[in-house]
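See structure below.
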Amino acid sequence: MTISREDIEKVAVLARIRLDEEQIPALEKDLGNILSLVDQLSAADTDNVEPLAHPLDAVQRLRADEVTESNQREAFQAIAPATENGLYLVPRVIE
Amino acid sequence: MHNKSVAELARELESGKISSVELTREFLDRIKAEDSQYNSFITVTEDQAMADAKAADEQRAAGKAGVWTGVPFAHKDIFCTNGIATTCGSRMLANFVPPYDATVTANFRAAGAVCLGKTNMDEFAMGSSNESSYFGPVTNPWGRSNGEKRVPGGSSGGSAAAIAARLIPAATATDTGGSIRQPAALCGITGLKPTYGRVSRFGMIAFASSLDQGGTMARTAEDNALMLNVMAGVDPQDSTSADRSVPDYTATLNEPLKGLRVGLPKEYFSDQLSPAMEQQVRNAVKEYEKLGAIVKEVSLPHANLAIAAYYVIAPAEASANLSRFDGVRYGYRCENPQDLNDMYTRTRAEGFGGEVKRRILVGTYALSAGYFDAYYLKAQKVRRLIQQDFINAFKDVDVLMSPVSPSPAFVQGEKTSDPVTMYLEDIFTIAVNLAGVPAMSVPAGFVDGLPIGLQIIGNYFDEARLLNAAHQFQQVTDWHQKLPQ
């Protein structure tokens with residue numbers, strides 16, 4: 001299994017990870033090796049097999065619709081990179 | 001005192017022979033004096049530990065002590081600790097001080113245990129050698145006699161090395177594909193990965209949510225039982241935690257093993273295992289026969305597909321989980337972002353290390369349009385087949401036994417050039433996570449002077465039987481008592 005430079009660049013955009021040009025050849029090799037390993041799956045006969053998403057086949061538990069958490073905005077925002085007036089600051093999005 | 005087990009230390013504290021303040025001081029001094037050789041701790045919380053020890057002694061004086069009151073231990077740096085840095089071995093979280101406790105953290109706090117710090121780990125628990133940590137590799141206390149430095153295994157390598165080096169009697173750990181059992185085996189200690197859902201994942205930083213499970217590490221099976229007593233149980237904060245009663249795991253440790261049905265999966269005794277490793281594992285199984293166990297060969301026909309299924313499912317879940325690290329709410333943010341996209345892409349490029357980025361990219365690829373069915377759905381179907389293998393095997397036997405890793409601890413740097421070589425380190429442990437069943441690693445001998453582990457796999461929620469089997473083995477063997485030179 002090989003993965004192309006274009007595939008890697010596309011996936012990096014989807015994953016929001018900047019790649020430098022010189023990182024790409026090593027990634028082509030490493031990801032190609034990983035996908036070759038994964039390709040063993042195609043040998044398995046999985047006709048009529050239900051996918052398993054969760055080992056216990058559990059269902060989502062529901063709780064009463066009651067307020068259980070107190071407001072901890074200050075504690076949570078104290079560890080943020082940048083905040084102002086209770087808001088998270090990010091670079092300008094709309095000009 | 002530092003050679004004593006948790007159970008023994010609890011008795012010393014109870015009898016008044018030593019105080020928690022004295023005991024905590026002794027272990028802190030050992031960490032200070034010795035850990036520069038191992039790098040097993042990322043953070044040591046000396047002041048907090050001494051304050052907690054003092055409070056534990058006061059609790060005891062007031063007649064309110066339990067087994068864990070005043071006993072020192074450590075947390076893998078993946079469990080959130082309120083007010084104490086929790087890095088997950090990553091630059092991304094190097095400055096992260098959680099404003100809350102993980103449920104596991106809160107449970108140990110409530111039990112009165114004294115946390116001495118946070119142990120080193122592979123970045124975001126992705127690794128089998130503890131070499132992917134942003135805070136540097138951990139060195140195994142074993143195998144250093146000829147100047148070589150060996151890996152402790154991973155990802156819970158810091159917890160395992162610290163216990164083996166007698167810097168701490170017990171530590172928490174997590175296991176997504178072998179991250180408790182493989183380091184336990186390579187460091188010659190005892191570790192337990194419970195059934196998926198047995199221990200709350202709330203506040204345990206997520207890697208692959210359908211596989212991650214918190215568990216225990218100590219030198220003896222009895223100490224693992226004492227830890228699980230504190231950790232296990234349903235948690236309203238984790239909807240995947242199992243709503244089942246929790247037994248006292250120490251109550252059945254002394255049950256006789258006569259008639260225990262042991263299965264040896266033939267796929268785990270293949271040519272991937274060296275003859276010397278196989279001999280040690282078979283010797284351990286013979287001890288069980290002497291204790292009255294009935295041994296037979298069984299088959300897990302889809303075992304050879306486990307690594308392939310895992311390296312789709314785990315990276316896919318990781319790519320979704322780790323999308324939360326965006327430089328907005330907590331953790332690392334790159335300098336001088338030009339715009340929002342520049343902030344996201346540079347924060348993640350600079351904050352994550354190489355292995356984490358590889359897995360995010362593989363997972364994103366497997367989930368992307370056009371590949372979802374061929375990779376993710378296919379892997380989930382194979383996961384069902386692997387689970388069915390275990391369900392079928394447990395119709396005939398009570399436990400399965402196998403090696404933990406294909407070889408003992410390897411030299412640092414030996415497997416870092418190709419990620420797939422490292423992935424094959426978990427060839428005997430990964431299927432257990434896909435099925436969600438519990439499994440232990442128990443010290444079972446030495447190969448080339450390095451410790452190796454016996455893996456004991458149980459049926460769903462059968463941790464008490466695993467701990468019983470491991471404890472009985474440790475009554476007739478002393479592999480778990482051996483000291484690194």
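Every chain in the structure tokens has a letter given in the order shown (A, B, ...), and although residue numbers restart at 1 in each chain, ligands are simply numbered from 1 in the order shown.
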
- [ ] Write out as a list of chain:residue names the residues lying within 7 Å of Pro81 (chain A), counting only C-alpha atoms and excluding same-chain residues fewer than 4 positions away.
- [x] B:Val328, B:Arg329, B:Tyr330, B:Arg333

With the cut-off set at 8 Å and counting only C-alpha atoms, tabulate each residue of chain B with an atom at most that distance from an atom of chain A, showing the nearest atom pair and its distance in Å to one decimal, ordered by chain and increasing number, as a Markdown table.
```
| residue | atom | partner | partner_atom | distance |
| --- | --- | --- | --- | --- |
| B:Phe96 | CA | A:Ile79 | CA | 7.1 |
| B:Val97 | CA | A:Ile79 | CA | 7.1 |
| B:Pro99 | CA | A:Ala75 | CA | 6.3 |
| B:Tyr196 | CA | A:Pro55 | CA | 7.2 |
| B:Ser210 | CA | A:His54 | CA | 5.6 |
| B:Ser239 | CA | A:Arg61 | CA | 6.1 |
| B:Thr240 | CA | A:Ala58 | CA | 7.3 |
| B:Leu305 | CA | A:Leu41 | CA | 6.5 |
| B:Ile307 | CA | A:Val38 | CA | 7.7 |
| B:Ala308 | CA | A:Val38 | CA | 4.3 |
| B:Ala309 | CA | A:Val38 | CA | 6.8 |
| B:Tyr311 | CA | A:Val38 | CA | 6.6 |
| B:Val312 | CA | A:Val38 | CA | 6.9 |
| B:Ser319 | CA | A:Ala15 | CA | 7.5 |
| B:Ser323 | CA | A:Ala15 | CA | 7.6 |
| B:Gly327 | CA | A:Pro81 | CA | 7.1 |
| B:Val328 | CA | A:Pro81 | CA | 6.5 |
| B:Arg329 | CA | A:Ala80 | CA | 4.7 |
| B:Tyr330 | CA | A:Ala80 | CA | 4.4 |
| B:Gly331 | CA | A:Ala80 | CA | 7.1 |
| B:Tyr332 | CA | A:Pro81 | CA | 7.4 |
| B:Arg333 | CA | A:Pro81 | CA | 6.6 |
| B:Pro337 | CA | A:Pro91 | CA | 6.9 |
| B:Gln338 | CA | A:Pro91 | CA | 7.1 |
| B:Asp339 | CA | A:Pro91 | CA | 5.2 |
| B:Leu340 | CA | A:Pro91 | CA | 5.4 |
| B:Asn341 | CA | A:Arg16 | CA | 7.7 |
| B:Met343 | CA | A:Pro91 | CA | 7.8 |
| B:Tyr344 | CA | A:Arg16 | CA | 6.1 |
| B:Thr345 | CA | A:Ile17 | CA | 4.4 |
| B:Arg346 | CA | A:Arg18 | CA | 5.8 |
| B:Arg348 | CA | A:Ile17 | CA | 5.5 |
| B:Ala349 | CA | A:Ile17 | CA | 5.2 |
| B:Lys357 | CA | A:Ile17 | CA | 7.8 |
| B:Arg358 | CA | A:Leu31 | CA | 7.2 |
| B:Ile360 | CA | A:Ala15 | CA | 7.1 |
| B:Leu361 | CA | A:Val11 | CA | 6.2 |
| B:Val362 | CA | A:Leu31 | CA | 6.8 |
| B:Thr364 | CA | A:Val11 | CA | 6.3 |
| B:Tyr365 | CA | A:Val11 | CA | 6.0 |
| B:Leu377 | CA | A:Pro51 | CA | 6.4 |
| B:Lys378 | CA | A:Leu41 | CA | 7.2 |
| B:Ala379 | CA | A:Leu41 | CA | 6.9 |
| B:Gln380 | CA | A:Pro51 | CA | 4.6 |
| B:Lys381 | CA | A:Pro51 | CA | 4.1 |
| B:Val382 | CA | A:Thr46 | CA | 6.8 |
| B:Arg383 | CA | A:Leu52 | CA | 6.1 |
| B:Arg384 | CA | A:Leu52 | CA | 5.2 |
| B:Leu385 | CA | A:Val49 | CA | 7.7 |
| B:Gln387 | CA | A:Pro55 | CA | 7.8 |
| B:Asp418 | CA | A:Asp30 | CA | 6.9 |
| B:Pro419 | CA | A:Asp30 | CA | 6.8 |
| B:Val420 | CA | A:Ile34 | CA | 6.2 |
| B:Leu434 | CA | A:Pro55 | CA | 7.0 |
| B:Ala435 | CA | A:Pro55 | CA | 5.7 |
| B:Gly436 | CA | A:Pro55 | CA | 5.2 |
```

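Using only C-alpha atoms, the shortest contact distance between Lys54 (chain B) and any of B:Thr24, B:Thr176, B:Asn120, B:Ser245 is found at B:Thr24.
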
Open item on the list: Report as a PyMOL selection string all protein, DNA and RNA residues lying within 10 Å of region 295-304 of chain B, evaluated on only C-alpha atoms, omitting residues in the same chain fewer than 6 positions from it.
Closed with: (chain A and resi 40-41+44) or (chain B and resi 259-268+285-286+288-289+382-394+396-397+399-401+427-428+430-432)

Expected file contents, prior selection, C-alpha atoms, as a PDB file, in the first residue's frame:
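New file result36.pdb:
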```
ATOM      1  CA  GLN A  40      -4.258  -7.438   6.259  1.00  0.00           C
ATOM      2  CA  LEU A  41      -7.884  -6.675   7.109  1.00  0.00           C
ATOM      3  CA  ALA A  44     -10.847 -11.319   6.518  1.00  0.00           C
TER       4      ALA A  44
ATOM      5  CA  GLY B 259      -9.809 -27.416  38.885  1.00  0.00           C
ATOM      6  CA  LEU B 260      -9.067 -24.000  37.306  1.00  0.00           C
ATOM      7  CA  ARG B 261      -9.427 -24.477  33.547  1.00  0.00           C
ATOM      8  CA  VAL B 262      -6.544 -22.777  31.725  1.00  0.00           C
ATOM      9  CA  GLY B 263      -6.505 -22.311  27.952  1.00  0.00           C
ATOM     10  CA  LEU B 264      -3.314 -21.712  25.985  1.00  0.00           C
ATOM     11  CA  PRO B 265      -4.187 -19.899  22.723  1.00  0.00           C
ATOM     12  CA  LYS B 266      -2.065 -21.655  20.122  1.00  0.00           C
ATOM     13  CA  GLU B 267      -1.802 -18.440  18.080  1.00  0.00           C
ATOM     14  CA  TYR B 268       0.136 -16.856  20.996  1.00  0.00           C
ATOM     15  CA  VAL B 285       1.977 -22.760  33.242  1.00  0.00           C
ATOM     16  CA  LYS B 286       3.522 -25.899  34.814  1.00  0.00           C
ATOM     17  CA  TYR B 288      -0.327 -23.733  37.671  1.00  0.00           C
ATOM     18  CA  GLU B 289      -0.655 -27.439  36.895  1.00  0.00           C
ATOM     19  CA  VAL B 382     -13.032  -7.695  12.403  1.00  0.00           C
ATOM     20  CA  ARG B 383     -13.284  -6.428  15.973  1.00  0.00           C
ATOM     21  CA  ARG B 384     -16.568  -8.360  16.315  1.00  0.00           C
ATOM     22  CA  LEU B 385     -14.824 -11.539  15.060  1.00  0.00           C
ATOM     23  CA  ILE B 386     -12.014 -11.052  17.593  1.00  0.00           C
ATOM     24  CA  GLN B 387     -14.502 -10.542  20.410  1.00  0.00           C
ATOM     25  CA  GLN B 388     -16.367 -13.694  19.357  1.00  0.00           C
ATOM     26  CA  ASP B 389     -13.085 -15.654  19.570  1.00  0.00           C
ATOM     27  CA  PHE B 390     -12.806 -14.748  23.259  1.00  0.00           C
ATOM     28  CA  ILE B 391     -16.498 -15.462  23.950  1.00  0.00           C
ATOM     29  CA  ASN B 392     -16.074 -18.917  22.396  1.00  0.00           C
ATOM     30  CA  ALA B 393     -12.835 -19.634  24.265  1.00  0.00           C
ATOM     31  CA  PHE B 394     -14.398 -18.778  27.623  1.00  0.00           C
ATOM     32  CA  ASP B 396     -14.433 -24.021  27.676  1.00  0.00           C
ATOM     33  CA  VAL B 397     -11.902 -22.422  30.004  1.00  0.00           C
ATOM     34  CA  VAL B 399      -8.675 -18.085  31.987  1.00  0.00           C
ATOM     35  CA  LEU B 400      -6.258 -17.865  29.064  1.00  0.00           C
ATOM     36  CA  MET B 401      -2.481 -17.754  29.542  1.00  0.00           C
ATOM     37  CA  ILE B 427       1.045  -8.461  19.240  1.00  0.00           C
ATOM     38  CA  PHE B 428      -0.111 -10.525  22.258  1.00  0.00           C
ATOM     39  CA  ILE B 430      -3.981  -5.822  21.643  1.00  0.00           C
ATOM     40  CA  ALA B 431      -6.807  -8.315  21.025  1.00  0.00           C
ATOM     41  CA  VAL B 432      -7.730  -8.077  24.728  1.00  0.00           C
TER      42      VAL B 432
END
```

- [ ] Have a look at CA of Ala469 (chain B) and CA of Asp271 (chain B) and let me know their distance in Å, one decimal.
- [x]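 Interatomic distance here is 27.1 Å.
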
- [ ] Could you tell me how far CA of Pro408 (chain B) lies from CA of Leu186 (chain B), in Å and to one decimal?
- [x] 5.8 Å

Hey, what does DSSP flag as strand (DSSP E) within region 123-321 of chain B? Can you give it to me as a PDB file with N, CA and C atoms, in the first residue's frame?
```
ATOM      1  N   ALA B 170       3.251   1.542  44.489  1.00  0.00           N
ATOM      2  CA  ALA B 170       2.131   1.304  43.580  1.00  0.00           C
ATOM      3  C   ALA B 170       1.883   2.551  42.753  1.00  0.00           C
ATOM      4  N   ALA B 171       1.291   2.377  41.567  1.00  0.00           N
ATOM      5  CA  ALA B 171       0.963   3.537  40.736  1.00  0.00           C
ATOM      6  C   ALA B 171      -0.197   3.187  39.818  1.00  0.00           C
ATOM      7  N   THR B 172      -0.975   4.218  39.484  1.00  0.00           N
ATOM      8  CA  THR B 172      -2.037   4.021  38.505  1.00  0.00           C
ATOM      9  C   THR B 172      -1.420   3.959  37.110  1.00  0.00           C
ATOM     10  N   ALA B 173      -2.194   3.430  36.156  1.00  0.00           N
ATOM     11  CA  ALA B 173      -1.725   3.274  34.786  1.00  0.00           C
ATOM     12  C   ALA B 173      -2.951   3.168  33.879  1.00  0.00           C
ATOM     13  N   THR B 174      -2.717   3.200  32.574  1.00  0.00           N
ATOM     14  CA  THR B 174      -3.820   2.985  31.629  1.00  0.00           C
ATOM     15  C   THR B 174      -3.341   2.049  30.530  1.00  0.00           C
ATOM     16  N   ASP B 175      -4.322   1.410  29.856  1.00  0.00           N
ATOM     17  CA  ASP B 175      -4.003   0.366  28.877  1.00  0.00           C
ATOM     18  C   ASP B 175      -4.998   0.470  27.722  1.00  0.00           C
ATOM     19  N   THR B 190       3.759  -6.412  38.642  1.00  0.00           N
ATOM     20  CA  THR B 190       2.442  -6.977  38.374  1.00  0.00           C
ATOM     21  C   THR B 190       1.472  -5.872  37.970  1.00  0.00           C
ATOM     22  N   GLY B 191       0.747  -6.072  36.875  1.00  0.00           N
ATOM     23  CA  GLY B 191      -0.195  -5.052  36.413  1.00  0.00           C
ATOM     24  C   GLY B 191      -1.506  -5.669  35.969  1.00  0.00           C
ATOM     25  N   LEU B 192      -2.580  -4.890  36.111  1.00  0.00           N
ATOM     26  CA  LEU B 192      -3.915  -5.366  35.722  1.00  0.00           C
ATOM     27  C   LEU B 192      -4.620  -4.328  34.868  1.00  0.00           C
ATOM     28  N   LYS B 193      -5.050  -4.757  33.680  1.00  0.00           N
ATOM     29  CA  LYS B 193      -5.990  -3.973  32.873  1.00  0.00           C
ATOM     30  C   LYS B 193      -7.370  -4.538  33.130  1.00  0.00           C
ATOM     31  N   GLN B 213      -8.610   1.987  29.168  1.00  0.00           N
ATOM     32  CA  GLN B 213      -9.083   1.552  30.475  1.00  0.00           C
ATOM     33  C   GLN B 213      -8.007   1.824  31.516  1.00  0.00           C
ATOM     34  N   GLY B 214      -8.402   2.465  32.610  1.00  0.00           N
ATOM     35  CA  GLY B 214      -7.484   2.701  33.718  1.00  0.00           C
ATOM     36  C   GLY B 214      -7.294   1.428  34.515  1.00  0.00           C
ATOM     37  N   GLY B 215      -6.103   1.265  35.076  1.00  0.00           N
ATOM     38  CA  GLY B 215      -5.844   0.062  35.849  1.00  0.00           C
ATOM     39  C   GLY B 215      -4.724   0.252  36.845  1.00  0.00           C
ATOM     40  N   THR B 216      -4.141  -0.869  37.252  1.00  0.00           N
ATOM     41  CA  THR B 216      -3.302  -0.895  38.434  1.00  0.00           C
ATOM     42  C   THR B 216      -1.920  -1.460  38.154  1.00  0.00           C
ATOM     43  N   MET B 217      -0.933  -0.969  38.910  1.00  0.00           N
ATOM     44  CA  MET B 217       0.431  -1.501  38.868  1.00  0.00           C
ATOM     45  C   MET B 217       1.006  -1.501  40.276  1.00  0.00           C
ATOM     46  N   ALA B 218       1.611  -2.620  40.640  1.00  0.00           N
ATOM     47  CA  ALA B 218       2.293  -2.741  41.931  1.00  0.00           C
ATOM     48  C   ALA B 218       3.196  -3.956  41.827  1.00  0.00           C
ATOM     49  N   ARG B 261      -9.634 -24.075  34.946  1.00  0.00           N
ATOM     50  CA  ARG B 261      -9.427 -24.477  33.547  1.00  0.00           C
ATOM     51  C   ARG B 261      -8.652 -23.388  32.811  1.00  0.00           C
ATOM     52  N   VAL B 262      -7.445 -23.735  32.380  1.00  0.00           N
ATOM     53  CA  VAL B 262      -6.544 -22.777  31.725  1.00  0.00           C
ATOM     54  C   VAL B 262      -6.447 -23.111  30.238  1.00  0.00           C
ATOM     55  N   GLY B 263      -6.670 -22.118  29.388  1.00  0.00           N
ATOM     56  CA  GLY B 263      -6.505 -22.311  27.952  1.00  0.00           C
ATOM     57  C   GLY B 263      -5.239 -21.634  27.458  1.00  0.00           C
ATOM     58  N   LEU B 264      -4.492 -22.322  26.614  1.00  0.00           N
ATOM     59  CA  LEU B 264      -3.314 -21.712  25.985  1.00  0.00           C
ATOM     60  C   LEU B 264      -3.641 -21.451  24.520  1.00  0.00           C
ATOM     61  N   PRO B 265      -3.846 -20.186  24.130  1.00  0.00           N
ATOM     62  CA  PRO B 265      -4.187 -19.899  22.723  1.00  0.00           C
ATOM     63  C   PRO B 265      -2.989 -20.250  21.825  1.00  0.00           C
ATOM     64  N   ILE B 294      -6.121 -27.288  35.233  1.00  0.00           N
ATOM     65  CA  ILE B 294      -6.236 -28.207  34.092  1.00  0.00           C
ATOM     66  C   ILE B 294      -5.968 -27.389  32.839  1.00  0.00           C
ATOM     67  N   VAL B 295      -4.916 -27.766  32.101  1.00  0.00           N
ATOM     68  CA  VAL B 295      -4.458 -26.951  30.978  1.00  0.00           C
ATOM     69  C   VAL B 295      -4.824 -27.615  29.656  1.00  0.00           C
ATOM     70  N   LYS B 296      -5.349 -26.808  28.728  1.00  0.00           N
ATOM     71  CA  LYS B 296      -5.612 -27.317  27.383  1.00  0.00           C
ATOM     72  C   LYS B 296      -5.311 -26.246  26.338  1.00  0.00           C
ATOM     73  N   GLU B 297      -5.068 -26.695  25.130  1.00  0.00           N
ATOM     74  CA  GLU B 297      -4.842 -25.740  24.042  1.00  0.00           C
ATOM     75  C   GLU B 297      -6.191 -25.239  23.523  1.00  0.00           C
ATOM     76  N   VAL B 298      -6.248 -23.938  23.227  1.00  0.00           N
ATOM     77  CA  VAL B 298      -7.455 -23.367  22.620  1.00  0.00           C
ATOM     78  C   VAL B 298      -7.027 -22.525  21.414  1.00  0.00           C
TER      79      VAL B 298
END
```

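Going from CA of Glu22 (chain A) to CA of Val356 (chain B) covers 18.0 Å.
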
- [ ] Write down as a PyMOL selection string the residues belonging to chain A that are assigned helix (DSSP H, G or I) by DSSP computed on the backbone.
- [x] chain A and resi 5-14+21-43+73-77

Just C-alpha atoms for this one: save the residues we selected as a CSV table (one decimal), in the first residue's frame.
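So part.csv came out as:
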```csv
chain,number,residue,atom,x,y,z
A,5,ARG,CA,2.1,13.1,-1.3
A,6,GLU,CA,-1.3,14.7,-2.3
A,7,ASP,CA,-3.1,12.3,0.0
A,8,ILE,CA,-0.9,13.3,2.9
A,9,GLU,CA,-1.2,17.0,2.2
A,10,LYS,CA,-5.0,16.6,2.0
A,11,VAL,CA,-5.2,14.6,5.3
A,12,ALA,CA,-3.0,17.2,7.0
A,13,VAL,CA,-5.4,19.9,6.0
A,14,LEU,CA,-8.3,17.9,7.4
A,21,GLU,CA,8.0,20.1,3.0
A,22,GLU,CA,10.9,18.1,4.4
A,23,GLN,CA,8.6,16.1,6.7
A,24,ILE,CA,6.6,14.6,3.8
A,25,PRO,CA,9.0,11.9,2.4
A,26,ALA,CA,9.3,10.3,5.9
A,27,LEU,CA,5.6,10.4,6.3
A,28,GLU,CA,5.0,8.8,2.9
A,29,LYS,CA,7.2,5.9,4.1
A,30,ASP,CA,5.8,5.6,7.6
A,31,LEU,CA,2.1,6.0,6.7
A,32,GLY,CA,2.6,3.6,3.7
A,33,ASN,CA,4.0,1.0,6.1
A,34,ILE,CA,1.2,1.5,8.6
A,35,LEU,CA,-1.4,1.2,5.8
A,36,SER,CA,0.3,-2.0,4.5
A,37,LEU,CA,-0.1,-3.5,8.0
A,38,VAL,CA,-3.7,-2.4,8.1
A,39,ASP,CA,-4.3,-4.0,4.6
A,40,GLN,CA,-4.3,-7.4,6.3
A,41,LEU,CA,-7.9,-6.7,7.1
A,42,SER,CA,-9.0,-7.1,3.5
A,43,ALA,CA,-8.2,-10.9,3.8
A,73,ARG,CA,-16.1,29.9,34.2
A,74,GLU,CA,-13.3,31.7,36.0
A,75,ALA,CA,-11.5,28.5,37.0
A,76,PHE,CA,-11.8,27.2,33.5
A,77,GLN,CA,-10.7,30.4,31.8
```

Task: Who sits within 10 Å of Ala94 (chain B), only C-alpha atoms, same chain under 6 positions skipped, as JSON, numbers by chain - done: {"B": [42, 85, 86, 87, 88, 134, 135, 331, 332, 351]}
